[in-house]
Amino acid sequence: MLLTMRPWRRGKRGGVLLLLVLDSGNSCLVMGVYQGEDLLTTAHVGTSLARDEREYLDLVRKFIREKAVPKDKITTIGISNVVPRLNSLLDEAVRELFGIAPFFVGHSHTDLITLDIETPSELGADLVAAAVAAYRKHRDSLIIIDMGSATTFSHITGEGSFQGVIICPGLRMGAEFFSARIPYLPEVKLAVPQKLLGRNSVESIQSGLMLGHIAMLEGIVRRLQEHYGRPGKVIACGGFAHVLRSHLPFVDSVEPFLVLEGIRVLSESGEAR
């Protein structure tokens with residue numbers, strides 16, 4: 001999903017002030033540009049071939065060029081990265097391109113919520129960002145489902161206590177397993193089939209992948225609600241949230257850019273410290 005670039009507005013000091021956010025996952029890089037609280041534009045690119053700072057630099061540079069973002073107006077850069085070895089690469093890339101030291105989201109940047117887990121340092125930056133953004137918006141007990149390379153379930157109490165995470169294989173991971181382990185089966189589009197029982201190989205795999213994933217989502221949410229006394233809201237985010245949204249009646253809100261919003265909030269608060 002891409003947003004259309006909106007006209008630039010003048011900042012308080014007469015210039016356009018922009019914030020660039022980068023969500024670096026295991027297999028993709030999601031980028032966005034904010035002006036104030038408005039998300040102006042986004043892009044989603046695969047990163048399987050990006051192995052050094054030059055390649056990450058090229059990805060960011062292409063995004064800035066294609067979206068016609070005025071590079072000299074970017075004043076803050078926030079990054080959520082779940083692959084530790086890429087921290088230095090991302091840092092070097094954005095410093096070279098913008099001359100700005102980026103703000104990296106981490107477990108210590110959670111003033112709005114408390115992390116009631118054994119090892120907060122193990123919590124992924126994307127989960128931190130999503131939790132902060134969701135709780136800041138809803139101020140309620142929450143189940144947050146993030147559907148990316150992995151599908152994760154986080155629970156936050158109404159008092160802002162982050163209770164833990166369930167991590168499951170994501171949709172693409174399941175599809176790649178079929179391709180890698182059973183090579184004679186065809187590759188399939190990750191789309192919900194019209195029929196419950198497949199009448200050919202493609203339909204059968206689609207049914208197992210997509211309907212099986214939906215059943216898993218529904219089952220885990222139900223167990224969490226039973227265990228924690230039915231949390232207030234169920235929020236879905238991540239790259240596959242929009243693919244399944246019409247098949248998730250138990251989800252109260254689909255917010256695909258929740259992680260980007262959390263990066264924005266944490267980056268701005270980090271700059272103010």
# chains A, B, ... in the order shown; residues from 1 in each chain; ligands from 1

call {"tool": "residues_around", "arguments": {"residues": "His107 of chain A", "least_positions_apart": "6", "cutoff": "9 Å", "atoms": "only C-alpha atoms", "output": "PyMOL selection string"}}
result
chain A and resi 115+120-125+128

call {"tool": "write_last_selection", "arguments": {"atoms": "C-alpha atoms", "output": "tab-separated table (two decimals), in the first residue's frame"}}
result
chain	number	residue	atom	x	y	z
A	115	LEU	CA	8.06	-4.19	29.52
A	120	PRO	CA	13.54	-6.68	27.48
A	121	SER	CA	16.70	-6.44	25.35
A	122	GLU	CA	15.48	-9.45	23.34
A	123	LEU	CA	12.30	-7.67	22.26
A	124	GLY	CA	12.41	-6.66	18.60
A	125	ALA	CA	12.47	-2.94	17.84
A	128	VAL	CA	8.46	-1.99	20.67

call {"tool": "residues_around", "arguments": {"residues": "Glu92 of chain A", "least_positions_apart": "3", "cutoff": "10 Å", "atoms": "only C-alpha atoms", "output": "ChimeraX atom specification"}}
result
/A:52-54,56-57,86-89,95-97,99-102

call {"tool": "write_last_selection", "arguments": {"atoms": "C-alpha atoms", "output": "PDB file, in the first residue's frame"}}
result
ATOM      1  CA  ASP A  52      26.378  -3.564   2.555  1.00  0.00           C
ATOM      2  CA  GLU A  53      25.829   0.109   3.278  1.00  0.00           C
ATOM      3  CA  ARG A  54      26.128   1.043  -0.403  1.00  0.00           C
ATOM      4  CA  TYR A  56      21.057   0.196   1.584  1.00  0.00           C
ATOM      5  CA  LEU A  57      22.123   3.669   0.570  1.00  0.00           C
ATOM      6  CA  LEU A  86      22.642  -4.242   9.926  1.00  0.00           C
ATOM      7  CA  ASN A  87      22.741  -1.445  12.517  1.00  0.00           C
ATOM      8  CA  SER A  88      26.137  -0.180  11.385  1.00  0.00           C
ATOM      9  CA  LEU A  89      25.212  -0.498   7.705  1.00  0.00           C
ATOM     10  CA  ARG A  95      24.800   9.500   7.669  1.00  0.00           C
ATOM     11  CA  GLU A  96      26.358   9.574   4.209  1.00  0.00           C
ATOM     12  CA  LEU A  97      23.108  10.488   2.470  1.00  0.00           C
ATOM     13  CA  GLY A  99      24.549  13.966   7.273  1.00  0.00           C
ATOM     14  CA  ILE A 100      22.289  13.110  10.228  1.00  0.00           C
ATOM     15  CA  ALA A 101      22.848  10.628  13.048  1.00  0.00           C
ATOM     16  CA  PRO A 102      19.788   8.331  13.076  1.00  0.00           C
TER      17      PRO A 102
END

call {"tool": "select_by_dssp", "arguments": {"residues": "segment 41-235 of chain A", "states": "strand (DSSP E or B)", "output": "VMD selection string"}}
result
chain A and resid 41 to 46 74 to 81 103 to 104 114 to 115 142 to 147 150 to 156 161 to 169 233 to 235

call {"tool": "closest_atom_pairs", "arguments": {"of": "segment 11-80 of chain A", "to": "segment 227-251 of chain A", "cutoff": "12 Å", "atoms": "only C-alpha atoms", "output": "CSV"}}
result
residue,atom,partner,partner_atom,distance
A:Asp23,CA,A:Gly238,CA,10.8
A:Gly25,CA,A:Gly238,CA,10.8
A:Ser27,CA,A:Gly239,CA,11.4
A:Cys28,CA,A:Gly239,CA,9.8
A:Leu29,CA,A:Gly239,CA,10.9
A:Val30,CA,A:Gly239,CA,9.4
A:Ala43,CA,A:Gly239,CA,11.3
A:His44,CA,A:Gly239,CA,8.9
A:Val45,CA,A:Gly239,CA,11.1
A:Gly46,CA,A:Gly239,CA,11.9

call {"tool": "write_last_selection", "arguments": {"atoms": "N, CA and C atoms", "output": "mmCIF file, in the first residue's frame"}}
result
data_model
loop_
_atom_site.group_PDB
_atom_site.id
_atom_site.type_symbol
_atom_site.label_atom_id
_atom_site.label_comp_id
_atom_site.auth_asym_id
_atom_site.auth_seq_id
_atom_site.Cartn_x
_atom_site.Cartn_y
_atom_site.Cartn_z
ATOM 1 N N ASP A 23 11.833 1.000 8.658
ATOM 2 C CA ASP A 23 11.535 -0.230 9.390
ATOM 3 C C ASP A 23 12.232 -1.366 8.664
ATOM 4 N N GLY A 25 13.257 -5.057 8.396
ATOM 5 C CA GLY A 25 12.896 -6.376 8.884
ATOM 6 C C GLY A 25 13.832 -7.450 8.356
ATOM 7 N N SER A 27 13.348 -9.452 5.852
ATOM 8 C CA SER A 27 13.363 -9.614 4.397
ATOM 9 C C SER A 27 12.896 -8.377 3.644
ATOM 10 N N CYS A 28 12.578 -7.300 4.347
ATOM 11 C CA CYS A 28 12.093 -6.119 3.648
ATOM 12 C C CYS A 28 12.448 -4.853 4.416
ATOM 13 N N LEU A 29 12.399 -3.750 3.699
ATOM 14 C CA LEU A 29 12.625 -2.434 4.273
ATOM 15 C C LEU A 29 11.415 -1.583 3.939
ATOM 16 N N VAL A 30 10.731 -1.085 4.975
ATOM 17 C CA VAL A 30 9.593 -0.191 4.784
ATOM 18 C C VAL A 30 10.043 1.212 5.156
ATOM 19 N N ALA A 43 7.075 3.342 1.071
ATOM 20 C CA ALA A 43 7.523 2.366 0.077
ATOM 21 C C ALA A 43 7.953 1.108 0.801
ATOM 22 N N HIS A 44 7.802 -0.025 0.123
ATOM 23 C CA HIS A 44 8.119 -1.338 0.691
ATOM 24 C C HIS A 44 9.006 -2.054 -0.319
ATOM 25 N N VAL A 45 10.229 -2.400 0.079
ATOM 26 C CA VAL A 45 11.150 -3.062 -0.847
ATOM 27 C C VAL A 45 11.789 -4.267 -0.176
ATOM 28 N N GLY A 46 12.092 -5.295 -0.968
ATOM 29 C CA GLY A 46 12.804 -6.458 -0.454
ATOM 30 C C GLY A 46 14.266 -6.140 -0.251
#

call {"tool": "select_by_dssp", "arguments": {"residues": "segment 40-221 of chain A", "states": "helix (DSSP H, G or I)", "output": "VMD selection string"}}
result
chain A and resid 53 to 66 71 to 73 84 to 98 120 to 122 125 to 138 171 to 181 201 to 221

call {"tool": "write_last_selection", "arguments": {"atoms": "C-alpha atoms", "output": "short mmCIF file (atom, residue, chain, number, x, y, z; two decimals), in the first residue's frame"}}
result
data_model
loop_
_atom_site.label_atom_id
_atom_site.label_comp_id
_atom_site.auth_asym_id
_atom_site.auth_seq_id
_atom_site.Cartn_x
_atom_site.Cartn_y
_atom_site.Cartn_z
CA GLU A 53 25.83 0.11 3.28
CA ARG A 54 26.13 1.04 -0.40
CA GLU A 55 23.15 -1.13 -1.31
CA TYR A 56 21.06 0.20 1.58
CA LEU A 57 22.12 3.67 0.57
CA ASP A 58 20.88 3.00 -2.95
CA LEU A 59 17.50 1.79 -1.65
CA VAL A 60 16.97 4.91 0.44
CA ARG A 61 18.27 7.21 -2.30
CA LYS A 62 15.88 5.65 -4.84
CA PHE A 63 12.96 6.13 -2.44
CA ILE A 64 13.83 9.80 -1.91
CA ARG A 65 14.22 10.38 -5.64
CA GLU A 66 11.08 8.56 -6.80
CA LYS A 71 16.30 15.65 1.04
CA ASP A 72 17.57 18.85 2.60
CA LYS A 73 14.31 19.23 4.56
CA PRO A 84 21.58 -6.44 14.70
CA ARG A 85 24.36 -6.86 12.12
CA LEU A 86 22.64 -4.24 9.93
CA ASN A 87 22.74 -1.45 12.52
CA SER A 88 26.14 -0.18 11.38
CA LEU A 89 25.21 -0.50 7.70
CA LEU A 90 22.02 1.51 8.13
CA ASP A 91 23.79 4.05 10.29
CA GLU A 92 26.56 4.61 7.73
CA ALA A 93 24.08 4.76 4.84
CA VAL A 94 21.85 7.49 6.30
CA ARG A 95 24.80 9.50 7.67
CA GLU A 96 26.36 9.57 4.21
CA LEU A 97 23.11 10.49 2.47
CA PHE A 98 21.72 13.04 4.94
CA PRO A 120 13.54 -6.68 27.48
CA SER A 121 16.70 -6.44 25.35
CA GLU A 122 15.48 -9.45 23.34
CA ALA A 125 12.47 -2.94 17.84
CA ASP A 126 9.45 -3.34 15.56
CA LEU A 127 7.42 -4.86 18.40
CA VAL A 128 8.46 -1.99 20.67
CA ALA A 129 7.42 0.57 18.06
CA ALA A 130 4.06 -1.09 17.36
CA ALA A 131 3.27 -1.43 21.07
CA VAL A 132 4.06 2.22 21.80
CA ALA A 133 2.03 3.48 18.84
CA ALA A 134 -0.97 1.26 19.59
CA TYR A 135 -1.12 2.03 23.30
CA ARG A 136 -0.59 5.75 22.72
CA LYS A 137 -3.57 5.78 20.34
CA HIS A 138 -6.02 3.45 22.11
CA LEU A 171 2.57 -16.52 5.52
CA ARG A 172 5.56 -16.08 3.21
CA MET A 173 7.64 -18.36 5.42
CA GLY A 174 5.04 -21.08 5.00
CA ALA A 175 4.97 -20.64 1.22
CA GLU A 176 8.77 -20.73 1.03
CA PHE A 177 8.79 -23.95 3.08
CA PHE A 178 6.59 -25.63 0.48
CA SER A 179 8.87 -24.47 -2.34
CA ALA A 180 12.08 -25.48 -0.58
CA ARG A 181 11.04 -28.83 0.85
CA SER A 201 -2.65 -28.25 -6.34
CA VAL A 202 -2.65 -24.46 -6.35
CA GLU A 203 -6.05 -24.15 -4.67
CA SER A 204 -5.15 -26.84 -2.14
CA ILE A 205 -1.92 -25.09 -1.11
CA GLN A 206 -3.67 -21.72 -0.97
CA SER A 207 -6.36 -23.17 1.25
CA GLY A 208 -3.83 -24.67 3.63
CA LEU A 209 -1.64 -21.57 3.78
CA MET A 210 -4.28 -18.86 3.93
CA LEU A 211 -7.20 -20.50 5.70
CA GLY A 212 -4.82 -22.30 8.02
CA HIS A 213 -3.23 -18.97 8.94
CA ILE A 214 -6.62 -17.37 9.53
CA ALA A 215 -7.61 -20.27 11.79
CA MET A 216 -4.35 -19.86 13.72
CA LEU A 217 -4.97 -16.11 14.14
CA GLU A 218 -8.49 -16.68 15.38
CA GLY A 219 -7.48 -19.50 17.72
CA ILE A 220 -4.61 -17.66 19.37
CA VAL A 221 -6.63 -14.48 19.80
#

call {"tool": "residues_around", "arguments": {"residues": "Phe103 of chain A", "least_positions_apart": "2", "cutoff": "10 Å", "atoms": "only C-alpha atoms", "output": "MDAnalysis selection string"}}
result
chainID A and resid 21 76:80 91 100:101 105:106 263:264 266:268 270:271

call {"tool": "closest_residue", "arguments": {"among": "A:Leu18, A:Ile156, A:Leu40, A:Ala191", "to": "Leu112 of chain A", "atoms": "only C-alpha atoms"}}
result
A:Ile156

call {"tool": "atom_distance", "arguments": {"atom1": "atom CA of Ser108 of chain A", "atom2": "atom CA of Val33 of chain A"}}
result
23.9 Å

call {"tool": "residues_around", "arguments": {"residues": "Phe162 of chain A", "least_positions_apart": "5", "cutoff": "8 Å", "atoms": "only C-alpha atoms", "output": "mmCIF file with all heavy atoms, in the first residue's frame"}}
result
data_model
loop_
_atom_site.group_PDB
_atom_site.id
_atom_site.type_symbol
_atom_site.label_atom_id
_atom_site.label_comp_id
_atom_site.auth_asym_id
_atom_site.auth_seq_id
_atom_site.Cartn_x
_atom_site.Cartn_y
_atom_site.Cartn_z
ATOM 1 N N ILE A 113 5.046 2.739 27.980
ATOM 2 C CA ILE A 113 4.652 1.407 28.436
ATOM 3 C C ILE A 113 5.800 0.801 29.243
ATOM 4 O O ILE A 113 6.948 1.243 29.157
ATOM 5 C CB ILE A 113 4.295 0.468 27.258
ATOM 6 C CG1 ILE A 113 5.511 0.270 26.341
ATOM 7 C CG2 ILE A 113 3.104 1.013 26.475
ATOM 8 C CD1 ILE A 113 5.285 -0.743 25.225
ATOM 9 N N THR A 114 5.481 -0.228 30.040
ATOM 10 C CA THR A 114 6.507 -0.967 30.775
ATOM 11 C C THR A 114 6.613 -2.368 30.190
ATOM 12 O O THR A 114 5.600 -2.974 29.826
ATOM 13 C CB THR A 114 6.158 -1.062 32.269
ATOM 14 O OG1 THR A 114 4.863 -1.692 32.421
ATOM 15 C CG2 THR A 114 6.118 0.316 32.894
ATOM 16 N N LEU A 115 7.828 -2.871 30.102
ATOM 17 C CA LEU A 115 8.064 -4.189 29.520
ATOM 18 C C LEU A 115 8.167 -5.221 30.635
ATOM 19 O O LEU A 115 9.219 -5.398 31.251
ATOM 20 C CB LEU A 115 9.344 -4.172 28.682
ATOM 21 C CG LEU A 115 9.365 -3.174 27.525
ATOM 22 C CD1 LEU A 115 10.685 -3.265 26.762
ATOM 23 C CD2 LEU A 115 8.183 -3.383 26.587
ATOM 24 N N ASP A 116 7.057 -5.899 30.906
ATOM 25 C CA ASP A 116 7.002 -6.893 31.966
ATOM 26 C C ASP A 116 7.360 -8.266 31.391
ATOM 27 O O ASP A 116 6.546 -9.197 31.378
ATOM 28 C CB ASP A 116 5.608 -6.905 32.594
ATOM 29 C CG ASP A 116 5.537 -7.801 33.829
ATOM 30 O OD1 ASP A 116 6.616 -8.202 34.327
ATOM 31 O OD2 ASP A 116 4.417 -8.106 34.275
ATOM 32 N N ILE A 117 8.600 -8.369 30.893
ATOM 33 C CA ILE A 117 9.096 -9.621 30.326
ATOM 34 C C ILE A 117 10.478 -9.892 30.900
ATOM 35 O O ILE A 117 11.109 -9.011 31.468
ATOM 36 C CB ILE A 117 9.152 -9.562 28.779
ATOM 37 C CG1 ILE A 117 9.997 -8.367 28.312
ATOM 38 C CG2 ILE A 117 7.750 -9.489 28.202
ATOM 39 C CD1 ILE A 117 10.127 -8.266 26.799
ATOM 40 N N ALA A 131 3.916 -1.483 19.760
ATOM 41 C CA ALA A 131 3.269 -1.425 21.072
ATOM 42 C C ALA A 131 3.097 0.011 21.541
ATOM 43 O O ALA A 131 2.036 0.395 22.049
ATOM 44 C CB ALA A 131 4.082 -2.225 22.088
ATOM 45 N N SER A 154 1.246 -9.678 20.439
ATOM 46 C CA SER A 154 1.696 -9.019 21.664
ATOM 47 C C SER A 154 0.472 -8.646 22.492
ATOM 48 O O SER A 154 -0.586 -8.320 21.939
ATOM 49 C CB SER A 154 2.485 -7.750 21.349
ATOM 50 O OG SER A 154 3.579 -8.024 20.500
ATOM 51 N N HIS A 155 0.632 -8.667 23.818
ATOM 52 C CA HIS A 155 -0.474 -8.260 24.689
ATOM 53 C C HIS A 155 -0.016 -7.151 25.612
ATOM 54 O O HIS A 155 1.042 -7.233 26.239
ATOM 55 C CB HIS A 155 -0.983 -9.442 25.516
ATOM 56 C CG HIS A 155 -1.974 -9.042 26.573
ATOM 57 N ND1 HIS A 155 -3.096 -8.283 26.297
ATOM 58 C CD2 HIS A 155 -2.000 -9.274 27.915
ATOM 59 C CE1 HIS A 155 -3.764 -8.074 27.415
ATOM 60 N NE2 HIS A 155 -3.113 -8.658 28.406
ATOM 61 N N ILE A 156 -0.831 -6.093 25.688
ATOM 62 C CA ILE A 156 -0.586 -4.967 26.582
ATOM 63 C C ILE A 156 -1.816 -4.784 27.461
ATOM 64 O O ILE A 156 -2.948 -4.806 26.971
ATOM 65 C CB ILE A 156 -0.333 -3.664 25.791
ATOM 66 C CG1 ILE A 156 0.793 -3.855 24.790
ATOM 67 C CG2 ILE A 156 -0.003 -2.509 26.741
ATOM 68 C CD1 ILE A 156 0.997 -2.658 23.881
ATOM 69 N N THR A 157 -1.615 -4.621 28.744
ATOM 70 C CA THR A 157 -2.740 -4.401 29.650
ATOM 71 C C THR A 157 -3.248 -2.973 29.533
ATOM 72 O O THR A 157 -2.593 -2.104 28.938
ATOM 73 C CB THR A 157 -2.325 -4.654 31.111
ATOM 74 O OG1 THR A 157 -1.410 -3.615 31.522
ATOM 75 C CG2 THR A 157 -1.665 -6.015 31.272
#

call {"tool": "atom_distance", "arguments": {"atom1": "atom CA of Gly164 of chain A", "atom2": "atom CA of Glu255 of chain A"}}
result
20.3 Å

call {"tool": "closest_residue", "arguments": {"among": "A:Ile74, A:Ala150, A:Val259, A:Ile145", "to": "Pro169 of chain A", "atoms": "only C-alpha atoms"}}
result
A:Ala150

call {"tool": "atom_distance", "arguments": {"atom1": "atom CA of Lys189 of chain A", "atom2": "atom CA of Val254 of chain A"}}
result
21.8 Å
